[in-house]
Number of protein chains: 2
Amino acid sequence: MEIKTAMTSRQDLFDTLAQVGKALGSGHRLVLLERIAQSEASVEALASAADLTVGNASAHLQHLRRAGLVTATRSGKQMLYRLTDQRIVTLMSLLREVAETNLAEMERLVSRLFANDNFDGALEAISRDELLAGLKAGSVALLDVRSEDEFEAGHLPEAINIPLAQLESMLEELPKDREIVAYCRGPYCVLSHEAAQLLRKLGYQVRRFDEGFPEWKAAGLPIH
Amino acid sequence: MEIKTAMTSRQDLFDTLAQVGKALGSGHRLVLLERIAQSEASVEALASAADLTVGNASAHLQHLRRAGLVTATRSGKQMLYRLTDQRIVTLMSLLREVAETNLAEMERLVSRLFANDNFDGALEAISRDELLAGLKAGSVALLDVRSEDEFEAGHLPEAINIPLAQLESMLEELPKDREIVAYCRGPYCVLSHEAAQLLRKLGYQVRRFDEGFPEWKAAGLPIH
DNA sequence: CTAACATTCTAATGATTGTTAGAATAAAAT
DNA sequence: ATTTTATTCTAACAATCATTAGAATGTTAG
């Protein structure tokens with residue numbers, strides 16, 4: 001009898017832990033989390049980022065909320081969702097690493113996502129350590145190609161912001177004397193990739209950062 | 001059209017990533033993983049550890065396998081399952097930390113699991129850093145209260161193994177001159193807790209380690 | 001070759017989850 | 001007060017998942 005209650009409370013504990021796992025067990029929710037990690041955002045903004053109906057997005061957000069991954073506060077008519085905890089970014093990075101290491105399909109999907117990268121490896125990514133070294137040496141300029149509100153909510157130091165859609169018409173903003181490093185939301189965000197491709201076609205020295213703003217912030221590096 | 005294919009391959013990628021999340025989204029699978037993290041084990045052993053029928057355990061193990069978290073090799077009539085990757089232990093630790101930080105219910109469940117700890121805080125746990133310091137100073141003796149085969153498959157350096165069930169009849173094995181630190185499978189394993197309680201009742205100087213063997217190993221610390 | 005054993009597969013069941021459309025709620029603007 | 005806007009809730013349905021019992025597969029021992 002004693003043993004049985006011990007067993008069930010142990011199982012209850014793992015079931016509760018599993019709630020957090022379950023929250024990470026939906027592609028739609030992972031996309032929502034990736035977007036929330038950039039900046040707090042309204043249900044409508046999140047629904048559009050994840051390509052969901054508002055009702056459905058709201059339901060997924062409740063799910064994330066029950067799992068303790070996000071919190072919501074009201075601001076006027078809107079509810080703004082944010083991550084409860086920077087460790088959630090680390091959790092997602094680790095999930096990604098484990099998946100990339102152990103699931104053969106991931107490799108195929110990643111290369112399909114970045115499929116138009118057919119410029120003989122020129123669009124190779126730059127790692128966090130290389131980027132830090134380049135920034136210290138003053139040899140690279142940072143370009144943030146996310147939307148303005150994501151940029152406003154936080155960005156890498158010294159970065160300039162040109163959302164991808166406006167890039168071609170705002171080339172004069174770019175420095176000519178340094179290599180440009182473009183970044184965006186994270187490893188599976190295509191914005192920096194497309195920016196790098198466009199700029200390279202136009203003759204710029206450019207690479208993309210292989211992570212994004214949330215990973216930089218979660219690593220405790222300085223932000224603005 | 002181009003955008004649509006980009007969108008779907010992006011969604012496919014997150015869906016595949018979500019497979020790993022889903023694998024972590026079941027209490028039964030988390031219990032299986034905790035046990036597998038101790039040592040490779042047969043389906044029957046795993047089923048019994050998680051209190052499942054063999055068929056059901058097998059189905060869950062297939063699920064974990066498809067998610068890339070475990071691999072299986074045949075040894076005679078048995079299939080032996082093991083973790084693909086030490087990072088999975090880290091992933092579970094992070095899951096636990098996030099859950100404990102952000103889910104109020106976790107606290108209640110943890111304290112219920114260790115409910116008979118009513119010895120005025122005497123059974124307080126010792127952290128990894130304190131343990132390392134104590135080992136270096138030679139002031140603590142390590143006691144592994146897991147089963148023999150888990151111990152054989154790997155244990156903390158200098159630890160002696162007395163499975164909990166035999167502890168009371170093997171007290172002469174314990175050193176009298178040092179504080180004893182008991183450990184077992186991990187933070188949610190009750191074995192070390194019950195051992196510490198028993199020994200304390202018998203007058204020993206004893207605490208429990210607040211993690212377990214898998215976390216120690218995943219941290220890259222030396223094992224035997 | 002046959003028997004015994006460990007595991008996986010299959011089919012059927014109930015339980016849980018994802019999704020949509022539309023009603024209900026809550027705050028802000030007219 | 002009424003309307004508009006943003007979000008959540010409800011009910012319903014389809015899809016997926018967990019579980020069991022039993023058949024099928026593969027391996028070892030006699």
# chains A, B, ... in the order shown; residues from 1 in each chain; ligands from 1
$ interface_residues --of "chain A" --to "chain D" --cutoff "9 Å" --atoms "only C-alpha atoms (C1' of nucleotides)" --output "list of chain:residue names"
A:Ser42, A:Val43, A:Glu44, A:Val54, A:Gly55, A:Ser58, A:Ala59, A:Lys77, A:Gln78, A:Met79
$ select_by_dssp --residues "segment 20-203 of chain B" --states "strand (DSSP E or B)" --output "compact mmCIF listing (two decimals) with N, CA, C and O atoms, in the first residue's frame"
# COMPACT_ATOMS: atom_id res chain seq x y z
N ALA B 41 19.77 -1.86 -21.09
CA ALA B 41 18.91 -2.83 -20.42
C ALA B 41 17.97 -3.47 -21.42
O ALA B 41 17.68 -2.91 -22.48
N SER B 42 17.48 -4.64 -21.08
CA SER B 42 16.57 -5.38 -21.95
C SER B 42 15.16 -4.82 -21.83
O SER B 42 14.83 -4.11 -20.89
N VAL B 70 17.18 6.66 -28.36
CA VAL B 70 17.80 5.40 -27.95
C VAL B 70 18.14 4.57 -29.18
O VAL B 70 17.59 4.78 -30.27
N THR B 71 19.07 3.66 -29.00
CA THR B 71 19.35 2.65 -30.03
C THR B 71 19.26 1.30 -29.37
O THR B 71 19.41 1.17 -28.16
N ALA B 72 19.07 0.28 -30.19
CA ALA B 72 18.96 -1.07 -29.67
C ALA B 72 19.94 -1.98 -30.41
O ALA B 72 20.15 -1.82 -31.61
N THR B 73 20.53 -2.88 -29.66
CA THR B 73 21.35 -3.91 -30.30
C THR B 73 20.91 -5.24 -29.72
O THR B 73 20.51 -5.32 -28.56
N ARG B 74 21.01 -6.26 -30.53
CA ARG B 74 20.61 -7.57 -30.05
C ARG B 74 21.78 -8.25 -29.35
O ARG B 74 22.92 -8.16 -29.80
N SER B 75 21.47 -8.91 -28.25
CA SER B 75 22.47 -9.71 -27.56
C SER B 75 21.79 -11.01 -27.18
O SER B 75 21.02 -11.07 -26.23
N GLN B 78 17.97 -11.23 -26.26
CA GLN B 78 17.51 -9.94 -25.78
C GLN B 78 17.88 -8.78 -26.69
O GLN B 78 18.89 -8.83 -27.38
N MET B 79 17.06 -7.76 -26.64
CA MET B 79 17.43 -6.48 -27.24
C MET B 79 17.89 -5.57 -26.11
O MET B 79 17.19 -5.42 -25.11
N LEU B 80 19.04 -4.97 -26.28
CA LEU B 80 19.54 -4.06 -25.26
C LEU B 80 19.40 -2.63 -25.76
O LEU B 80 19.91 -2.29 -26.83
N TYR B 81 18.69 -1.84 -24.99
CA TYR B 81 18.50 -0.43 -25.35
C TYR B 81 19.46 0.45 -24.59
O TYR B 81 19.71 0.23 -23.40
N ARG B 82 19.99 1.44 -25.27
CA ARG B 82 20.87 2.42 -24.60
C ARG B 82 20.59 3.80 -25.18
O ARG B 82 20.03 3.92 -26.28
N LEU B 83 21.04 4.82 -24.48
CA LEU B 83 20.91 6.19 -25.00
C LEU B 83 21.83 6.36 -26.19
O LEU B 83 22.93 5.82 -26.22
N ALA B 125 20.00 17.60 0.92
CA ALA B 125 20.87 17.00 -0.09
C ALA B 125 22.18 17.76 -0.19
O ALA B 125 22.29 18.92 0.18
N ILE B 126 23.16 17.06 -0.73
CA ILE B 126 24.46 17.67 -0.99
C ILE B 126 24.59 17.90 -2.50
O ILE B 126 24.15 17.06 -3.29
N VAL B 140 34.28 12.42 2.83
CA VAL B 140 33.03 11.68 2.60
C VAL B 140 33.30 10.33 1.94
O VAL B 140 34.28 10.17 1.20
N ALA B 141 32.42 9.38 2.24
CA ALA B 141 32.44 8.08 1.57
C ALA B 141 31.18 7.96 0.73
O ALA B 141 30.09 8.34 1.17
N LEU B 142 31.32 7.45 -0.50
CA LEU B 142 30.18 7.37 -1.40
C LEU B 142 29.51 6.02 -1.35
O LEU B 142 30.17 4.98 -1.44
N LEU B 143 28.19 6.04 -1.25
CA LEU B 143 27.41 4.80 -1.19
C LEU B 143 26.41 4.77 -2.35
O LEU B 143 25.55 5.64 -2.45
N ASP B 144 26.54 3.78 -3.20
CA ASP B 144 25.64 3.61 -4.35
C ASP B 144 24.59 2.57 -3.97
O ASP B 144 24.92 1.41 -3.75
N ILE B 160 31.05 2.52 -2.91
CA ILE B 160 30.75 1.13 -2.63
C ILE B 160 29.28 0.90 -2.93
O ILE B 160 28.46 1.81 -2.87
N ASN B 161 28.95 -0.34 -3.33
CA ASN B 161 27.59 -0.65 -3.75
C ASN B 161 26.89 -1.54 -2.73
O ASN B 161 27.33 -2.66 -2.47
N GLU B 179 31.67 11.03 6.81
CA GLU B 179 30.27 11.21 6.46
C GLU B 179 29.96 10.36 5.23
O GLU B 179 30.78 10.25 4.31
N ILE B 180 28.78 9.76 5.21
CA ILE B 180 28.38 8.94 4.07
C ILE B 180 27.48 9.76 3.16
O ILE B 180 26.58 10.47 3.63
N VAL B 181 27.74 9.69 1.85
CA VAL B 181 26.85 10.32 0.88
C VAL B 181 26.25 9.23 0.00
O VAL B 181 26.98 8.52 -0.70
N ALA B 182 24.93 9.10 0.06
CA ALA B 182 24.23 8.09 -0.73
C ALA B 182 23.73 8.70 -2.02
O ALA B 182 23.29 9.85 -2.05
N TYR B 183 23.83 7.93 -3.10
CA TYR B 183 23.27 8.42 -4.38
C TYR B 183 22.61 7.25 -5.08
O TYR B 183 22.82 6.08 -4.74
N CYS B 184 21.80 7.60 -6.13
CA CYS B 184 21.14 6.54 -6.89
C CYS B 184 20.95 6.96 -8.33
O CYS B 184 21.93 7.27 -9.01
$ closest_residue --among "A:Ser147, A:Gln11, A:Asn102, A:Ser39" --to "Ser26 of chain B" --atoms "only C-alpha atoms"
A:Gln11
$ atom_distance --atom1 "atom CA of Glu168 of chain A" --atom2 "atom CA of Leu191 of chain A"
13.4 Å
$ interface_residues --of "chain B" --to "chain A" --cutoff "8 Å" --atoms "only C-alpha atoms" --output "ChimeraX atom specification"
/B:6,9-28,30-31,67-69,84-85,87-88,91,94-96,98-99,102-103,105-106,109-110,112-113,188
$ select_by_dssp --residues "segment 4-224 of chain A" --states "helix (DSSP H, G or I)" --output "number ranges by chain"
A: 4-23, 27-36, 43-50, 54-66, 87-102, 104-113, 128-137, 148-152, 164-173, 191-201, 213-218
$ residues_around --residues "Lys217 of chain B" --least-positions-apart "3" --cutoff "9 Å" --atoms "only C-alpha atoms (C1' of nucleotides)" --output "list in words"
Gln86, Gly154, His155, Leu156, Gly212, Phe213, Pro214, Gly220, Leu221, Pro222 and Ile223 of chain B
$ interface_residues --of "chain C" --to "chain A" --cutoff "9 Å" --atoms "only C-alpha atoms (C1' of nucleotides)" --output "ChimeraX atom specification"
/C:18-20,26-28
$ write_last_selection --atoms "C-alpha atoms (C1' of nucleotides)" --output "short mmCIF file (atom, residue, chain, number, x, y, z; two decimals), in the first residue's frame"
data_model
loop_
_atom_site.label_atom_id
_atom_site.label_comp_id
_atom_site.auth_asym_id
_atom_site.auth_seq_id
_atom_site.Cartn_x
_atom_site.Cartn_y
_atom_site.Cartn_z
"C1'" DG C 18 -5.63 19.38 -33.01
"C1'" DT C 19 -8.58 21.95 -35.65
"C1'" DT C 20 -12.48 24.75 -37.11
"C1'" DA C 26 -13.21 42.06 -22.19
"C1'" DA C 27 -11.26 46.44 -23.29
"C1'" DA C 28 -11.17 50.59 -26.18
#
$ residues_around --residues "Leu198 of chain A" --least-positions-apart "4" --cutoff "12 Å" --atoms "only C-alpha atoms (C1' of nucleotides)" --output "PyMOL selection string"
chain A and resi 116-117+119+123+164-169+171+182+191-194+202-208
$ atom_distance --atom1 "atom CA of Gly186 of chain A" --atom2 "atom CA of His224 of chain A"
17.4 Å
$ atom_distance --atom1 "atom CA of Phe151 of chain A" --atom2 "atom CA of Ser48 of chain A"
18.0 Å
$ closest_residue --among "B:Glu130, B:Lys136, B:Ala159, B:Gln62" --to "DC9 of chain C" --atoms "only C-alpha atoms (C1' of nucleotides)"
B:Gln62
$ decode --residues "segment 76-221 of chain A" --atoms "C-alpha atoms" --output "CSV table (one decimal), in the first residue's frame"
chain,number,residue,atom,x,y,z
A,76,GLY,CA,-5.0,47.2,-23.7
A,77,LYS,CA,-7.0,44.9,-26.0
A,78,GLN,CA,-4.1,42.6,-26.6
A,79,MET,CA,-2.6,39.8,-24.7
A,80,LEU,CA,1.2,39.8,-24.9
A,81,TYR,CA,3.0,36.5,-24.6
A,82,ARG,CA,6.6,36.1,-23.6
A,83,LEU,CA,8.9,33.3,-22.5
A,84,THR,CA,8.9,32.6,-18.8
A,85,ASP,CA,12.6,31.8,-18.8
A,86,GLN,CA,15.7,32.2,-20.9
A,87,ARG,CA,16.5,28.5,-20.3
A,88,ILE,CA,13.7,27.6,-22.7
A,89,VAL,CA,15.9,28.9,-25.5
A,90,THR,CA,18.7,26.7,-24.3
A,91,LEU,CA,16.2,23.8,-24.1
A,92,MET,CA,15.2,24.3,-27.7
A,93,SER,CA,18.8,24.6,-28.8
A,94,LEU,CA,19.6,21.3,-27.1
A,95,LEU,CA,16.5,19.7,-28.7
A,96,ARG,CA,17.8,20.9,-32.0
A,97,GLU,CA,21.3,19.5,-31.4
A,98,VAL,CA,20.0,16.1,-30.4
A,99,ALA,CA,17.7,16.0,-33.4
A,100,GLU,CA,20.4,17.0,-35.8
A,101,THR,CA,22.8,14.5,-34.4
A,102,ASN,CA,20.5,11.5,-34.2
A,103,LEU,CA,17.8,12.0,-36.8
A,104,ALA,CA,19.0,11.4,-40.4
A,105,GLU,CA,16.0,13.2,-41.7
A,106,MET,CA,17.0,16.5,-40.1
A,107,GLU,CA,20.0,16.9,-42.3
A,108,ARG,CA,17.9,16.5,-45.4
A,109,LEU,CA,15.2,18.9,-44.2
A,110,VAL,CA,17.8,21.6,-43.2
A,111,SER,CA,19.5,21.4,-46.6
A,112,ARG,CA,16.1,21.6,-48.3
A,113,LEU,CA,15.2,24.6,-46.3
A,114,PHE,CA,18.3,26.4,-47.4
A,115,ALA,CA,18.1,24.8,-50.9
A,116,ASN,CA,19.0,27.8,-53.1
A,117,ASP,CA,22.4,27.9,-51.5
A,118,ASN,CA,24.2,26.8,-54.6
A,119,PHE,CA,27.0,29.4,-54.5
A,120,ASP,CA,29.9,26.9,-54.0
A,121,GLY,CA,29.8,27.1,-50.2
A,122,ALA,CA,30.2,30.9,-50.2
A,123,LEU,CA,27.2,31.2,-47.9
A,124,GLU,CA,28.9,29.2,-45.2
A,125,ALA,CA,27.8,30.3,-41.7
A,126,ILE,CA,29.9,32.0,-39.1
A,127,SER,CA,29.9,30.6,-35.6
A,128,ARG,CA,29.4,32.5,-32.4
A,129,ASP,CA,33.1,32.4,-31.5
A,130,GLU,CA,34.2,33.6,-34.9
A,131,LEU,CA,31.6,36.4,-34.8
A,132,LEU,CA,32.8,37.5,-31.4
A,133,ALA,CA,36.4,37.6,-32.6
A,134,GLY,CA,35.4,39.6,-35.7
A,135,LEU,CA,33.5,42.1,-33.7
A,136,LYS,CA,36.4,42.6,-31.3
A,137,ALA,CA,38.7,43.1,-34.2
A,138,GLY,CA,36.3,45.5,-35.8
A,139,SER,CA,36.4,43.5,-39.0
A,140,VAL,CA,32.7,42.7,-39.3
A,141,ALA,CA,29.5,44.7,-39.4
A,142,LEU,CA,26.3,43.2,-38.1
A,143,LEU,CA,23.1,43.3,-40.1
A,144,ASP,CA,19.8,42.4,-38.4
A,145,VAL,CA,17.2,41.4,-41.1
A,146,ARG,CA,14.3,40.8,-38.8
A,147,SER,CA,11.3,43.1,-38.6
A,148,GLU,CA,11.5,46.5,-36.9
A,149,ASP,CA,9.6,45.5,-33.8
A,150,GLU,CA,11.8,42.4,-33.2
A,151,PHE,CA,14.8,44.6,-33.6
A,152,GLU,CA,13.5,47.2,-31.2
A,153,ALA,CA,12.8,44.6,-28.6
A,154,GLY,CA,16.4,43.6,-28.5
A,155,HIS,CA,19.3,43.0,-30.9
A,156,LEU,CA,23.0,42.3,-31.0
A,157,PRO,CA,25.3,45.3,-30.1
A,158,GLU,CA,26.2,47.6,-33.0
A,159,ALA,CA,23.8,45.8,-35.4
A,160,ILE,CA,22.0,47.9,-38.0
A,161,ASN,CA,18.4,46.9,-38.9
A,162,ILE,CA,17.2,46.4,-42.4
A,163,PRO,CA,14.3,44.0,-42.7
A,164,LEU,CA,14.8,41.7,-45.6
A,165,ALA,CA,12.1,43.1,-47.8
A,166,GLN,CA,13.7,46.5,-47.7
A,167,LEU,CA,17.3,45.4,-48.1
A,168,GLU,CA,17.6,45.9,-51.9
A,169,SER,CA,16.4,49.5,-51.6
A,170,MET,CA,18.6,50.4,-48.6
A,171,LEU,CA,22.0,49.2,-49.7
A,172,GLU,CA,23.6,52.6,-49.0
A,173,GLU,CA,23.1,51.9,-45.3
A,174,LEU,CA,25.6,49.1,-45.5
A,175,PRO,CA,29.3,49.7,-44.7
A,176,LYS,CA,31.7,48.9,-47.6
A,177,ASP,CA,34.9,48.5,-45.7
A,178,ARG,CA,34.0,45.4,-43.6
A,179,GLU,CA,32.6,42.0,-44.0
A,180,ILE,CA,28.9,41.9,-43.3
A,181,VAL,CA,27.4,39.3,-41.0
A,182,ALA,CA,23.6,38.9,-41.3
A,183,TYR,CA,21.5,37.3,-38.6
A,184,CYS,CA,17.9,36.8,-37.8
A,185,ARG,CA,15.7,34.6,-35.6
A,186,GLY,CA,17.7,31.5,-35.2
A,187,PRO,CA,19.3,28.5,-37.0
A,188,TYR,CA,16.1,27.6,-38.9
A,189,CYS,CA,15.2,31.1,-39.9
A,190,VAL,CA,15.7,31.8,-43.6
A,191,LEU,CA,15.9,35.6,-43.5
A,192,SER,CA,19.6,35.9,-43.0
A,193,HIS,CA,20.2,33.2,-45.5
A,194,GLU,CA,18.3,35.0,-48.2
A,195,ALA,CA,19.9,38.3,-47.3
A,196,ALA,CA,23.3,36.9,-47.6
A,197,GLN,CA,22.5,35.4,-50.9
A,198,LEU,CA,21.1,38.7,-52.3
A,199,LEU,CA,24.1,40.7,-51.0
A,200,ARG,CA,26.6,38.2,-52.3
A,201,LYS,CA,25.0,38.4,-55.7
A,202,LEU,CA,25.5,42.1,-55.5
A,203,GLY,CA,29.2,41.7,-54.8
A,204,TYR,CA,29.3,42.2,-51.0
A,205,GLN,CA,31.5,40.3,-48.6
A,206,VAL,CA,28.9,38.6,-46.5
A,207,ARG,CA,28.2,35.6,-44.4
A,208,ARG,CA,25.3,34.6,-42.1
A,209,PHE,CA,25.5,34.0,-38.4
A,210,ASP,CA,24.5,30.3,-37.7
A,211,GLU,CA,22.4,31.2,-34.7
A,212,GLY,CA,20.0,34.1,-33.9
A,213,PHE,CA,19.2,36.8,-31.4
A,214,PRO,CA,17.6,34.5,-28.8
A,215,GLU,CA,20.6,32.2,-28.6
A,216,TRP,CA,22.9,35.1,-28.3
A,217,LYS,CA,20.8,36.5,-25.5
A,218,ALA,CA,20.4,33.2,-23.7
A,219,ALA,CA,24.1,32.7,-23.7
A,220,GLY,CA,24.4,35.9,-21.6
A,221,LEU,CA,26.1,37.9,-24.2
